[in-house]
>>> print(open('query_5.txt').read())   # compact mmCIF, C-alpha atoms
# COMPACT_ATOMS: atom_id res chain seq x y z
CA MET A 226 -21.69 3.18 55.00
CA THR A 227 -19.20 6.03 54.65
CA PRO A 228 -19.02 8.01 51.37
CA SER A 229 -15.56 6.59 50.66
CA LYS A 230 -16.82 2.99 50.68
CA THR A 231 -17.95 1.59 47.34
CA HIS A 232 -20.89 -0.79 47.09
CA PRO A 233 -19.79 -4.29 45.94
CA VAL A 234 -22.16 -4.15 42.95
CA VAL A 235 -20.68 -0.80 41.85
CA LYS A 236 -17.21 -2.24 42.35
CA ALA A 237 -18.06 -5.25 40.19
CA ALA A 238 -19.52 -2.97 37.51
CA MET A 239 -16.36 -0.86 37.56
CA ILE A 240 -14.24 -3.96 37.07
CA VAL A 241 -16.39 -5.04 34.12
CA VAL A 242 -16.25 -1.56 32.55
CA GLY A 243 -12.49 -1.46 33.10
CA ALA A 244 -12.07 -4.86 31.48
CA VAL A 245 -14.15 -3.82 28.46
CA LEU A 246 -12.15 -0.59 28.05
CA LEU A 247 -8.90 -2.55 28.26
CA TRP A 248 -10.22 -5.08 25.76
CA SER A 249 -11.28 -2.42 23.25
CA ALA A 250 -7.96 -0.59 23.63
CA GLN A 251 -6.26 -3.91 22.99
CA ALA A 252 -8.45 -4.50 19.93
CA ARG A 253 -7.41 -1.11 18.53
CA ALA A 254 -3.74 -1.80 19.20
CA ASP A 255 -4.05 -5.18 17.48
CA ASN A 256 -5.85 -3.66 14.51
CA PRO A 257 -3.82 -0.72 13.18
CA ARG A 258 -4.63 1.29 10.07
CA ILE A 259 -3.13 -0.47 7.06
CA ALA A 260 -4.25 1.69 4.15
CA GLN A 261 -5.97 4.92 3.18
CA ILE A 262 -8.45 5.51 0.36
CA LYS A 263 -6.96 8.07 -2.05
CA THR A 264 -9.41 7.93 -4.95
CA ALA A 265 -13.07 6.90 -5.08
CA ALA A 266 -15.76 7.25 -7.74
CA GLY A 267 -19.29 5.88 -7.98
CA GLN A 268 -20.44 3.30 -5.45
CA VAL A 269 -17.68 2.05 -3.13
CA THR A 270 -18.52 0.08 0.02
CA ILE A 271 -16.41 -1.19 2.89
CA VAL A 272 -17.64 -4.33 4.62
CA ARG A 273 -16.25 -4.35 8.16
CA GLY A 274 -17.27 -6.74 10.91
CA GLY A 275 -20.61 -7.58 9.27
CA GLY A 276 -21.60 -3.94 8.62
CA ASN A 277 -21.43 -1.88 5.44
CA VAL A 278 -20.18 1.69 5.15
CA ALA A 279 -19.95 3.91 2.09
CA ALA A 280 -16.27 4.63 1.49
CA LYS A 281 -14.85 8.06 0.75
CA VAL A 282 -11.48 9.57 0.03
CA GLY A 283 -9.42 9.85 3.23
CA ASP A 284 -10.98 6.84 4.99
CA PHE A 285 -8.61 4.40 6.66
CA LEU A 286 -8.78 0.66 6.13
CA TYR A 287 -7.98 -2.22 8.46
CA GLU A 288 -6.99 -5.86 8.12
CA LYS A 289 -10.02 -8.04 7.18
CA ASP A 290 -11.89 -5.15 5.55
CA VAL A 291 -13.62 -6.06 2.29
CA ILE A 292 -13.89 -3.47 -0.50
CA GLN A 293 -16.79 -3.66 -2.96
CA THR A 294 -17.39 -1.46 -5.99
CA GLY A 295 -20.68 -1.09 -7.88
CA GLY A 296 -21.22 -1.03 -11.64
CA ASP A 297 -20.10 2.61 -11.75
CA GLY A 298 -17.49 2.33 -8.97
CA SER A 299 -13.72 2.51 -8.74
CA VAL A 300 -11.34 2.98 -5.82
CA GLY A 301 -7.62 3.54 -5.19
CA LEU A 302 -5.66 3.12 -1.97
CA THR A 303 -2.13 3.11 -0.63
CA PHE A 304 -0.87 0.81 2.12
CA THR A 305 1.56 1.66 4.91
CA ASP A 306 4.30 -0.25 3.04
CA ASN A 307 3.68 2.04 0.00
CA THR A 308 1.89 -0.58 -2.05
CA ALA A 309 -0.71 1.05 -4.32
CA MET A 310 -3.91 -0.81 -5.15
CA SER A 311 -6.85 0.15 -7.32
CA ALA A 312 -9.99 -1.58 -8.50
CA GLY A 313 -12.50 -1.04 -11.29
CA PRO A 314 -16.29 -1.62 -11.36
CA ASP A 315 -18.09 -4.71 -9.96
CA SER A 316 -15.09 -5.75 -7.89
CA GLU A 317 -14.73 -7.38 -4.49
CA ILE A 318 -11.39 -7.48 -2.69
CA ALA A 319 -10.71 -8.67 0.87
CA LEU A 320 -7.66 -7.36 2.74
CA SER A 321 -7.28 -10.77 4.37
CA GLU A 322 -3.83 -10.49 5.94
CA TYR A 323 -1.54 -7.53 6.43
CA ARG A 324 1.33 -6.76 8.75
CA PHE A 325 4.24 -4.41 8.22
CA ASP A 326 7.05 -3.13 10.42
CA SER A 327 8.32 0.18 9.01
CA SER A 328 11.55 -0.01 11.03
CA ASN A 329 12.84 -3.11 9.20
CA PHE A 330 10.35 -3.41 6.26
CA ASN A 331 9.37 -6.93 7.30
CA GLY A 332 5.80 -7.91 6.70
CA ALA A 333 3.29 -10.03 4.86
CA MET A 334 0.26 -9.27 2.75
CA LEU A 335 -2.48 -11.53 1.42
CA THR A 336 -5.14 -9.95 -0.77
CA ASP A 337 -8.21 -12.02 -1.61
CA MET A 338 -9.34 -10.98 -5.10
CA ARG A 339 -12.86 -12.38 -5.43
CA ARG A 340 -14.10 -10.70 -8.60
CA GLY A 341 -13.55 -7.73 -10.88
CA THR A 342 -10.40 -5.86 -11.88
CA LEU A 343 -7.40 -5.05 -9.71
CA ALA A 344 -4.22 -3.06 -10.46
CA MET A 345 -1.26 -3.06 -8.08
CA VAL A 346 2.15 -1.45 -7.72
CA SER A 347 3.98 -3.39 -5.03
CA GLY A 348 5.78 -1.67 -2.15
CA ASP A 349 8.22 -2.42 0.66
CA ILE A 350 6.80 -5.83 1.70
CA ALA A 351 7.40 -7.36 -1.75
CA ARG A 352 10.77 -5.59 -2.05
CA SER A 353 12.18 -6.76 1.29
CA THR A 354 10.76 -10.29 1.47
CA PRO A 355 10.25 -12.28 -1.74
CA GLY A 356 7.09 -14.34 -1.44
CA ALA A 357 5.61 -12.21 1.36
CA MET A 358 3.13 -10.48 -0.95
CA ARG A 359 0.43 -12.77 -2.33
CA VAL A 360 -2.85 -12.34 -4.18
CA LYS A 361 -5.38 -15.13 -3.92
CA THR A 362 -8.05 -15.67 -6.57
CA PRO A 363 -10.72 -18.42 -6.57
CA THR A 364 -8.57 -20.49 -8.96
CA ALA A 365 -4.92 -19.54 -8.30
CA ILE A 366 -2.47 -17.88 -5.92
CA LEU A 367 -0.04 -15.23 -7.14
CA GLY A 368 3.34 -14.57 -5.56
CA VAL A 369 4.59 -11.05 -6.23
CA ARG A 370 8.25 -10.09 -6.59
CA GLY A 371 8.35 -6.32 -6.77
CA THR A 372 6.32 -5.28 -9.77
CA ARG A 373 3.29 -3.67 -11.36
CA PHE A 374 0.56 -6.07 -12.35
CA VAL A 375 -3.16 -6.41 -13.03
CA VAL A 376 -5.61 -9.18 -12.14
CA TRP A 377 -9.07 -9.92 -13.57
CA VAL A 378 -11.38 -12.43 -11.90
CA LYS A 379 -14.69 -13.54 -13.44
CA MET B 174 -23.90 -18.20 -46.88
CA THR B 175 -20.51 -18.83 -48.36
CA LEU B 176 -17.98 -21.13 -46.81
CA ARG B 177 -15.80 -18.13 -45.97
CA TYR B 178 -18.49 -16.56 -43.77
CA ALA B 179 -19.21 -19.90 -42.10
CA LEU B 180 -15.50 -20.22 -41.32
CA LEU B 181 -15.36 -16.68 -39.94
CA ALA B 182 -18.43 -17.29 -37.80
CA ALA B 183 -16.90 -20.49 -36.46
CA MET B 184 -13.64 -18.69 -35.60
CA LEU B 185 -15.53 -15.90 -33.84
CA ALA B 186 -17.54 -18.42 -31.84
CA LEU B 187 -14.32 -20.17 -30.83
CA THR B 188 -12.74 -16.90 -29.70
CA LEU B 189 -15.83 -15.94 -27.71
CA SER B 190 -16.02 -19.33 -25.99
CA ALA B 191 -12.32 -19.09 -25.12
CA CYS B 192 -13.00 -15.72 -23.44
CA ALA B 193 -16.18 -17.00 -21.79
CA SER B 194 -14.36 -19.96 -20.24
CA ARG B 195 -11.59 -17.74 -18.85
CA GLN B 196 -11.81 -17.66 -15.05
CA ALA B 197 -8.95 -15.27 -14.32
CA LEU B 198 -6.35 -13.20 -16.14
CA PHE B 199 -2.99 -11.86 -14.85
CA THR B 200 -0.59 -9.48 -16.58
CA VAL B 201 2.75 -8.03 -15.52
CA MET B 202 3.08 -4.38 -16.53
CA PRO B 203 6.37 -2.61 -17.26
CA ASN B 204 7.91 -0.20 -14.76
CA PRO B 205 8.44 3.39 -15.99
CA ASP B 206 12.03 2.43 -16.95
CA GLY B 207 10.74 -0.43 -19.16
CA SER B 208 11.85 -3.22 -16.81
CA ALA B 209 9.46 -5.62 -15.11
CA GLY B 210 9.36 -7.56 -11.86
CA ALA B 211 7.81 -10.99 -11.57
CA VAL B 212 4.59 -12.70 -10.60
CA THR B 213 4.30 -16.45 -10.08
CA VAL B 214 0.93 -18.06 -10.75
CA ASP B 215 0.14 -21.27 -8.88
CA ASP B 216 -3.06 -23.10 -9.86
CA GLY B 217 -2.57 -25.85 -7.28
CA GLN B 218 -1.03 -28.23 -9.82
CA LYS B 219 1.83 -26.22 -11.27
CA SER B 220 3.53 -22.87 -11.07
CA MET B 221 4.06 -20.40 -13.91
CA MET B 222 6.48 -17.48 -13.85
CA LEU B 223 5.56 -14.18 -15.54
CA ASP B 224 8.65 -11.96 -15.51
CA TRP B 225 8.74 -9.73 -18.58
CA PRO B 226 6.66 -6.68 -19.60
CA TRP B 227 3.12 -7.68 -20.66
CA ALA B 228 3.76 -11.33 -19.69
CA ALA B 229 0.30 -12.78 -19.06
CA GLY B 230 -1.43 -15.91 -17.89
CA GLU B 231 -5.03 -17.04 -17.68
CA ILE B 232 -6.94 -19.72 -15.83
CA VAL B 233 -9.23 -21.95 -17.91
CA LYS B 234 -10.96 -24.95 -16.27
CA GLY B 235 -8.87 -24.37 -13.16
CA SER B 236 -5.61 -24.64 -15.05
CA ALA B 237 -3.03 -21.87 -15.66
CA ARG B 238 -1.61 -21.27 -19.12
CA PRO B 239 0.22 -18.43 -20.87
CA VAL B 240 -1.74 -16.02 -23.02
CA ALA B 241 -0.72 -13.18 -25.35
CA MET B 242 -1.53 -9.74 -24.00
CA ASP B 243 -0.59 -6.22 -25.05
CA GLN B 244 -1.05 -2.70 -23.78
CA ALA B 245 -4.21 -2.06 -25.82
CA GLN B 246 -5.96 -5.15 -24.41
CA VAL B 247 -4.86 -4.30 -20.86
CA ASP B 248 -6.15 -0.73 -21.27
CA GLN B 249 -9.46 -2.10 -22.51
CA ILE B 250 -9.97 -4.61 -19.68
CA PHE B 251 -8.34 -2.65 -16.83
CA GLY B 252 -8.89 0.97 -17.92
CA ALA B 253 -11.09 1.91 -14.96
CA ALA B 254 -8.86 0.19 -12.39
CA LEU B 255 -5.74 1.85 -13.83
CA ALA B 256 -7.45 5.25 -13.91
CA ALA B 257 -8.29 4.87 -10.20
CA ARG B 258 -4.64 4.31 -9.27
CA PRO B 259 -3.53 6.82 -6.61
CA ILE B 260 -0.55 9.11 -7.11
CA LEU B 261 2.31 6.76 -6.21
CA PRO B 262 4.28 7.33 -2.99
CA SER B 263 7.38 9.55 -3.11
CA HIS B 264 10.56 9.50 -1.06
CA PHE B 265 12.78 12.47 -0.19
CA ARG B 266 15.96 13.00 1.79
CA LEU B 267 16.92 16.38 3.27
CA TYR B 268 20.30 17.11 4.89
CA PHE B 269 21.21 19.23 7.91
CA GLU B 270 24.18 21.30 9.08
CA SER B 271 26.30 19.62 11.76
CA ASP B 272 24.75 19.47 15.24
CA THR B 273 21.70 21.55 14.23
CA ASP B 274 18.16 21.32 12.95
CA THR B 275 19.10 23.76 10.15
CA LEU B 276 18.78 22.49 6.56
CA THR B 277 21.78 22.74 4.24
CA PRO B 278 21.27 25.35 1.45
CA ASP B 279 20.72 22.58 -1.16
CA SER B 280 18.13 20.88 1.01
CA GLU B 281 16.42 24.18 1.75
CA THR B 282 15.79 24.38 -2.01
CA LYS B 283 14.76 20.74 -2.22
CA TYR B 284 12.25 21.26 0.59
CA LYS B 285 10.07 23.12 -1.92
CA SER B 286 9.70 20.01 -4.08
CA VAL B 287 8.69 18.02 -0.98
CA PHE B 288 6.01 20.60 -0.22
CA GLU B 289 4.77 20.65 -3.84
CA ASP B 290 4.63 16.86 -3.95
CA ILE B 291 2.44 16.74 -0.85
CA ARG B 292 0.25 19.62 -1.95
CA GLN B 293 -0.75 17.96 -5.24
CA ARG B 294 -2.39 15.10 -3.28
CA LYS B 295 -6.03 15.31 -2.23
CA VAL B 296 -5.29 13.38 0.96
CA TYR B 297 -1.83 12.51 2.18
CA GLU B 298 0.16 10.70 4.81
CA VAL B 299 3.67 12.00 5.48
CA GLU B 300 6.28 10.15 7.54
CA VAL B 301 9.34 12.11 8.64
CA VAL B 302 12.17 10.12 10.23
CA GLY B 303 15.19 12.04 11.58
CA HIS B 304 18.76 10.72 11.70
CA THR B 305 22.20 11.86 12.94
CA ASP B 306 25.83 10.90 12.43
CA THR B 307 27.78 9.18 15.21
CA ALA B 308 29.45 12.33 16.59
CA GLY B 309 28.19 12.90 20.14
CA ASP B 310 26.50 10.56 22.56
CA LEU B 311 23.54 8.33 21.74
CA LYS B 312 20.94 10.02 23.92
CA TYR B 313 21.85 13.48 22.62
CA ASN B 314 21.64 12.24 19.03
CA GLN B 315 18.28 10.62 19.57
CA THR B 316 16.94 13.96 20.75
CA LEU B 317 18.63 15.77 17.85
CA SER B 318 17.19 13.35 15.26
CA LEU B 319 13.67 13.87 16.60
CA ALA B 320 14.25 17.66 16.63
CA ARG B 321 15.16 17.47 12.93
CA ALA B 322 11.97 15.57 12.13
CA ASN B 323 9.90 18.01 14.23
CA PHE B 324 11.52 20.97 12.48
CA ILE B 325 10.34 19.63 9.11
CA ARG B 326 6.84 18.96 10.42
CA GLU B 327 6.57 22.50 11.82
CA LYS B 328 7.78 23.93 8.52
CA LEU B 329 5.17 21.92 6.59
CA VAL B 330 2.41 22.93 9.02
CA GLN B 331 3.45 26.59 8.76
CA ASP B 332 3.19 26.25 4.99
CA GLY B 333 -0.41 25.13 5.41
CA LEU B 334 -0.32 21.32 5.61
CA ASP B 335 -2.33 19.22 8.06
CA ARG B 336 -0.43 18.36 11.26
CA LYS B 337 -2.45 15.18 11.92
CA SER B 338 -1.31 13.75 8.59
CA ILE B 339 2.40 14.13 9.39
CA SER B 340 4.10 11.65 11.71
CA VAL B 341 7.59 12.11 13.16
CA ALA B 342 10.20 9.76 14.58
CA GLY B 343 13.91 9.98 15.48
CA ARG B 344 16.36 7.12 15.06
CA GLY B 345 19.53 8.89 16.24
CA PRO B 346 22.64 7.33 14.65
CA LEU B 347 21.07 3.83 14.51
CA ASP B 348 20.14 3.79 10.83
CA PRO B 349 23.01 5.48 8.93
CA ARG B 350 23.13 5.88 5.14
CA VAL B 351 26.91 5.56 5.31
CA LYS B 352 28.34 3.21 7.92
CA THR B 353 31.09 4.86 10.00
CA GLY B 354 32.96 4.22 13.23
CA PRO B 355 31.94 5.93 16.45
CA ASP B 356 32.26 9.71 16.81
CA VAL B 357 32.48 10.44 13.08
CA HIS B 358 31.02 13.58 11.45
CA GLU B 359 29.28 12.46 8.26
CA GLN B 360 27.10 14.78 6.18
CA MET B 361 25.25 11.90 4.48
CA ASN B 362 23.94 10.69 7.83
CA ARG B 363 22.65 14.08 9.09
CA ARG B 364 19.27 13.85 7.44
CA VAL B 365 15.54 13.27 7.49
CA GLU B 366 13.92 10.63 5.31
CA ILE B 367 10.47 11.69 4.15
CA THR B 368 7.85 9.34 2.75
CA VAL B 369 4.80 10.90 1.13
CA ARG B 370 1.80 8.87 0.08
>>> encode(input="query_5.txt", output="structure tokens")
Amino acid sequence: MTPSKTHPVVKAAMIVVGAVLLWSAQARADNPRIAQIKTAAGQVTIVRGGGNVAAKVGDFLYEKDVIQTGGDGSVGLTFTDNTAMSAGPDSEIALSEYRFDSSNFNGAMLTDMRRGTLAMVSGDIARSTPGAMRVKTPTAILGVRGTRFVVWVK
Amino acid sequence: MTLRYALLAAMLALTLSACASRQALFTVMPNPDGSAGAVTVDDGQKSMMLDWPWAAGEIVKGSARPVAMDQAQVDQIFGAALAARPILPSHFRLYFESDTDTLTPDSETKYKSVFEDIRQRKVYEVEVVGHTDTAGDLKYNQTLSLARANFIREKLVQDGLDRKSISVAGRGPLDPRVKTGPDVHEQMNRRVEITVR
């Protein structure tokens, strides 16, 4: 066997590693940053892919992330479409759906408000496409047409 | 116990049970100019429109109905959430001299307010998008628009801001503020649009 020849097992391993790298790069491309945490106080947790991380100012958030605040917690974030969102204590909010194209302002946003208090100032998604920004609660769905509003869920 | 106290106690109990049976509460807040947008509430049976300042609805037994709400009540229920609200995003527009990445004198002054706006934020994301008028060819203008955006980023970095937090893009003449024919010099289109959040 000459040094330039590669063993079939090594070759197979390289293919697998290559495929995994490609897959993870793809996953990143499919899952862009959608928001950044700008304020945080007390206990604030991000639930992402089954794991929990303590959230801090500057952290980026992704579609499907769930934000939880403790009894002393509050958090504020801004989305890439310039929507501002904040939550008070004992709250749980899932960023269920989010897409936004900054070149034409098209997008859609579904926030799943499970419990607690939520304050929002809508951004470009609600401005450009009426009906594209929605907030789901256990008992109702809100459609947002460019405004400031608050939501409490038991 | 007098009848009056019994009546008061009964009213209090009624109020408390009304609050206890509330499953959700929604309130539209006024914009800084006093106007309000709109929120529709759909409980699966019917839809309710809230489109004036302090318009509010609640869900009781799965059903949506209007409810009276004022600023004091909203502050009481949502105080912590409202206090956690981030500084809202800002938008700026700076203009350039023809065929250059040199700011006009007015915009040179305005640049300072852009810098101050960013600096007041603990963390920030800045998007700088450069534009040109239609004078000159497309490829040249695309390069020029990106040069304008880069010029602003370099200026902000020199003034002490974080490069990683500033993104740049150039759209050439493709996204004009003022629509013109081809090969037209137009001051309003020689610009960068800056979003700070």
>>> closest_atom_pairs(input="query_5.txt", of="chain A", to="chain B", cutoff="8 Å", atoms="only C-alpha atoms", output="JSON lines")
{"residue": "A:Lys263", "atom": "CA", "partner": "B:Pro259", "partner_atom": "CA", "distance": 5.8}
{"residue": "A:Thr264", "atom": "CA", "partner": "B:Ala257", "partner_atom": "CA", "distance": 6.2}
{"residue": "A:Ala265", "atom": "CA", "partner": "B:Ala257", "partner_atom": "CA", "distance": 7.3}
{"residue": "A:Val282", "atom": "CA", "partner": "B:Val296", "partner_atom": "CA", "distance": 7.3}
{"residue": "A:Gly283", "atom": "CA", "partner": "B:Val296", "partner_atom": "CA", "distance": 5.9}
{"residue": "A:Ser299", "atom": "CA", "partner": "B:Ala257", "partner_atom": "CA", "distance": 6.1}
{"residue": "A:Val300", "atom": "CA", "partner": "B:Ala257", "partner_atom": "CA", "distance": 5.7}
{"residue": "A:Gly301", "atom": "CA", "partner": "B:Arg258", "partner_atom": "CA", "distance": 5.1}
{"residue": "A:Leu302", "atom": "CA", "partner": "B:Pro259", "partner_atom": "CA", "distance": 6.3}
{"residue": "A:Thr303", "atom": "CA", "partner": "B:Arg370", "partner_atom": "CA", "distance": 7.0}
{"residue": "A:Asn307", "atom": "CA", "partner": "B:Pro262", "partner_atom": "CA", "distance": 6.1}
{"residue": "A:Ala309", "atom": "CA", "partner": "B:Leu261", "partner_atom": "CA", "distance": 6.7}
{"residue": "A:Met310", "atom": "CA", "partner": "B:Arg258", "partner_atom": "CA", "distance": 6.6}
{"residue": "A:Ser311", "atom": "CA", "partner": "B:Arg258", "partner_atom": "CA", "distance": 5.1}
{"residue": "A:Ala312", "atom": "CA", "partner": "B:Ala254", "partner_atom": "CA", "distance": 4.4}
{"residue": "A:Gly313", "atom": "CA", "partner": "B:Ala254", "partner_atom": "CA", "distance": 4.0}
{"residue": "A:Pro314", "atom": "CA", "partner": "B:Ala253", "partner_atom": "CA", "distance": 7.2}
{"residue": "A:Thr342", "atom": "CA", "partner": "B:Phe251", "partner_atom": "CA", "distance": 6.2}
{"residue": "A:Leu343", "atom": "CA", "partner": "B:Ala254", "partner_atom": "CA", "distance": 6.1}
{"residue": "A:Ala344", "atom": "CA", "partner": "B:Ala254", "partner_atom": "CA", "distance": 6.0}
{"residue": "A:Thr362", "atom": "CA", "partner": "B:Ala197", "partner_atom": "CA", "distance": 7.8}
{"residue": "A:Thr364", "atom": "CA", "partner": "B:Gly235", "partner_atom": "CA", "distance": 5.7}
{"residue": "A:Ala365", "atom": "CA", "partner": "B:Asp216", "partner_atom": "CA", "distance": 4.3}
{"residue": "A:Ile366", "atom": "CA", "partner": "B:Asp215", "partner_atom": "CA", "distance": 5.2}
{"residue": "A:Leu367", "atom": "CA", "partner": "B:Val214", "partner_atom": "CA", "distance": 4.7}
{"residue": "A:Gly368", "atom": "CA", "partner": "B:Thr213", "partner_atom": "CA", "distance": 5.0}
{"residue": "A:Val369", "atom": "CA", "partner": "B:Val212", "partner_atom": "CA", "distance": 4.7}
{"residue": "A:Arg370", "atom": "CA", "partner": "B:Ala211", "partner_atom": "CA", "distance": 5.1}
{"residue": "A:Gly371", "atom": "CA", "partner": "B:Gly210", "partner_atom": "CA", "distance": 5.3}
{"residue": "A:Thr372", "atom": "CA", "partner": "B:Gly210", "partner_atom": "CA", "distance": 4.3}
{"residue": "A:Arg373", "atom": "CA", "partner": "B:Met202", "partner_atom": "CA", "distance": 5.2}
{"residue": "A:Phe374", "atom": "CA", "partner": "B:Val201", "partner_atom": "CA", "distance": 4.3}
{"residue": "A:Val375", "atom": "CA", "partner": "B:Thr200", "partner_atom": "CA", "distance": 5.4}
{"residue": "A:Val376", "atom": "CA", "partner": "B:Phe199", "partner_atom": "CA", "distance": 4.6}
{"residue": "A:Trp377", "atom": "CA", "partner": "B:Leu198", "partner_atom": "CA", "distance": 5.0}
{"residue": "A:Val378", "atom": "CA", "partner": "B:Ala197", "partner_atom": "CA", "distance": 4.5}
{"residue": "A:Lys379", "atom": "CA", "partner": "B:Gln196", "partner_atom": "CA", "distance": 5.3}
>>> atom_distance(input="query_5.txt", atom1="CA of Ser327 in chain A", atom2="CA of Gly207 in chain B")
28.3 Å
>>> atom_distance(input="query_5.txt", atom1="CA of Phe324 in chain B", atom2="CA of Thr273 in chain B")
10.3 Å
>>> atom_distance(input="query_5.txt", atom1="CA of Phe325 in chain A", atom2="CA of Phe304 in chain A")
9.5 Å
>>> residues_around(input="query_5.txt", residues="range 276-281 of chain A", least_positions_apart="3", cutoff="9 Å", atoms="only C-alpha atoms", output="mmCIF file with C-alpha atoms, in the coordinates of the input")
data_model
loop_
_atom_site.group_PDB
_atom_site.id
_atom_site.type_symbol
_atom_site.label_atom_id
_atom_site.label_comp_id
_atom_site.auth_asym_id
_atom_site.auth_seq_id
_atom_site.Cartn_x
_atom_site.Cartn_y
_atom_site.Cartn_z
ATOM 1 C CA ILE A 262 -8.450 5.510 0.360
ATOM 2 C CA LYS A 263 -6.960 8.070 -2.050
ATOM 3 C CA THR A 264 -9.410 7.930 -4.950
ATOM 4 C CA ALA A 265 -13.070 6.900 -5.080
ATOM 5 C CA ALA A 266 -15.760 7.250 -7.740
ATOM 6 C CA GLN A 268 -20.440 3.300 -5.450
ATOM 7 C CA VAL A 269 -17.680 2.050 -3.130
ATOM 8 C CA THR A 270 -18.520 0.080 0.020
ATOM 9 C CA ILE A 271 -16.410 -1.190 2.890
ATOM 10 C CA VAL A 272 -17.640 -4.330 4.620
ATOM 11 C CA ARG A 273 -16.250 -4.350 8.160
ATOM 12 C CA ASP A 284 -10.980 6.840 4.990
ATOM 13 C CA ILE A 292 -13.890 -3.470 -0.500
ATOM 14 C CA VAL A 300 -11.340 2.980 -5.820
#
>>> residues_near_point(input="query_5.txt", point="(15.0, 11.3, -2.4)", cutoff="12 Å", atoms="only C-alpha atoms", output="PyMOL selection string")
chain B and resi 262-268+280+283-284+286-287+290+364-369
>>> closest_residue(input="query_5.txt", among="A:Gly295, A:Lys289, A:Tyr323, A:Met338", to="Val360 in chain A", atoms="only C-alpha atoms")
A:Met338
>>> closest_residue(input="query_5.txt", among="A:Arg324, A:Tyr287, A:Met345, A:Asp315", to="Ala260 in chain A", atoms="only C-alpha atoms")
A:Tyr287
>>> build_atoms(input="query_5.txt", residues="range 246-259 of chain B", atoms="N, CA and C atoms", output="mmCIF file, in the frame of the given file")
data_model
loop_
_atom_site.group_PDB
_atom_site.id
_atom_site.type_symbol
_atom_site.label_atom_id
_atom_site.label_comp_id
_atom_site.auth_asym_id
_atom_site.auth_seq_id
_atom_site.Cartn_x
_atom_site.Cartn_y
_atom_site.Cartn_z
ATOM 1 N N GLN B 246 -4.999 -4.249 -25.071
ATOM 2 C CA GLN B 246 -5.960 -5.150 -24.410
ATOM 3 C C GLN B 246 -6.041 -4.853 -22.910
ATOM 4 N N VAL B 247 -4.873 -4.606 -22.297
ATOM 5 C CA VAL B 247 -4.860 -4.300 -20.860
ATOM 6 C C VAL B 247 -5.640 -3.013 -20.591
ATOM 7 N N ASP B 248 -5.425 -1.991 -21.440
ATOM 8 C CA ASP B 248 -6.150 -0.730 -21.270
ATOM 9 C C ASP B 248 -7.659 -0.952 -21.383
ATOM 10 N N GLN B 249 -8.035 -1.858 -22.295
ATOM 11 C CA GLN B 249 -9.460 -2.100 -22.510
ATOM 12 C C GLN B 249 -10.095 -2.800 -21.300
ATOM 13 N N ILE B 250 -9.405 -3.823 -20.780
ATOM 14 C CA ILE B 250 -9.970 -4.610 -19.680
ATOM 15 C C ILE B 250 -9.823 -3.870 -18.336
ATOM 16 N N PHE B 251 -8.670 -3.203 -18.150
ATOM 17 C CA PHE B 251 -8.340 -2.650 -16.830
ATOM 18 C C PHE B 251 -8.369 -1.121 -16.787
ATOM 19 N N GLY B 252 -8.917 -0.496 -17.835
ATOM 20 C CA GLY B 252 -8.890 0.970 -17.920
ATOM 21 C C GLY B 252 -9.371 1.669 -16.652
ATOM 22 N N ALA B 253 -10.518 1.242 -16.133
ATOM 23 C CA ALA B 253 -11.090 1.910 -14.960
ATOM 24 C C ALA B 253 -10.228 1.698 -13.721
ATOM 25 N N ALA B 254 -9.712 0.476 -13.550
ATOM 26 C CA ALA B 254 -8.860 0.190 -12.390
ATOM 27 C C ALA B 254 -7.565 1.003 -12.459
ATOM 28 N N LEU B 255 -6.987 1.095 -13.673
ATOM 29 C CA LEU B 255 -5.740 1.850 -13.830
ATOM 30 C C LEU B 255 -5.969 3.349 -13.642
ATOM 31 N N ALA B 256 -7.144 3.826 -14.077
ATOM 32 C CA ALA B 256 -7.450 5.250 -13.910
ATOM 33 C C ALA B 256 -7.657 5.606 -12.442
ATOM 34 N N ALA B 257 -8.044 4.622 -11.628
ATOM 35 C CA ALA B 257 -8.290 4.870 -10.200
ATOM 36 C C ALA B 257 -7.011 4.784 -9.363
ATOM 37 N N ARG B 258 -5.901 4.443 -10.003
ATOM 38 C CA ARG B 258 -4.640 4.310 -9.270
ATOM 39 C C ARG B 258 -4.272 5.623 -8.582
ATOM 40 N N PRO B 259 -3.907 5.574 -7.294
ATOM 41 C CA PRO B 259 -3.530 6.820 -6.610
ATOM 42 C C PRO B 259 -2.187 7.334 -7.129
#
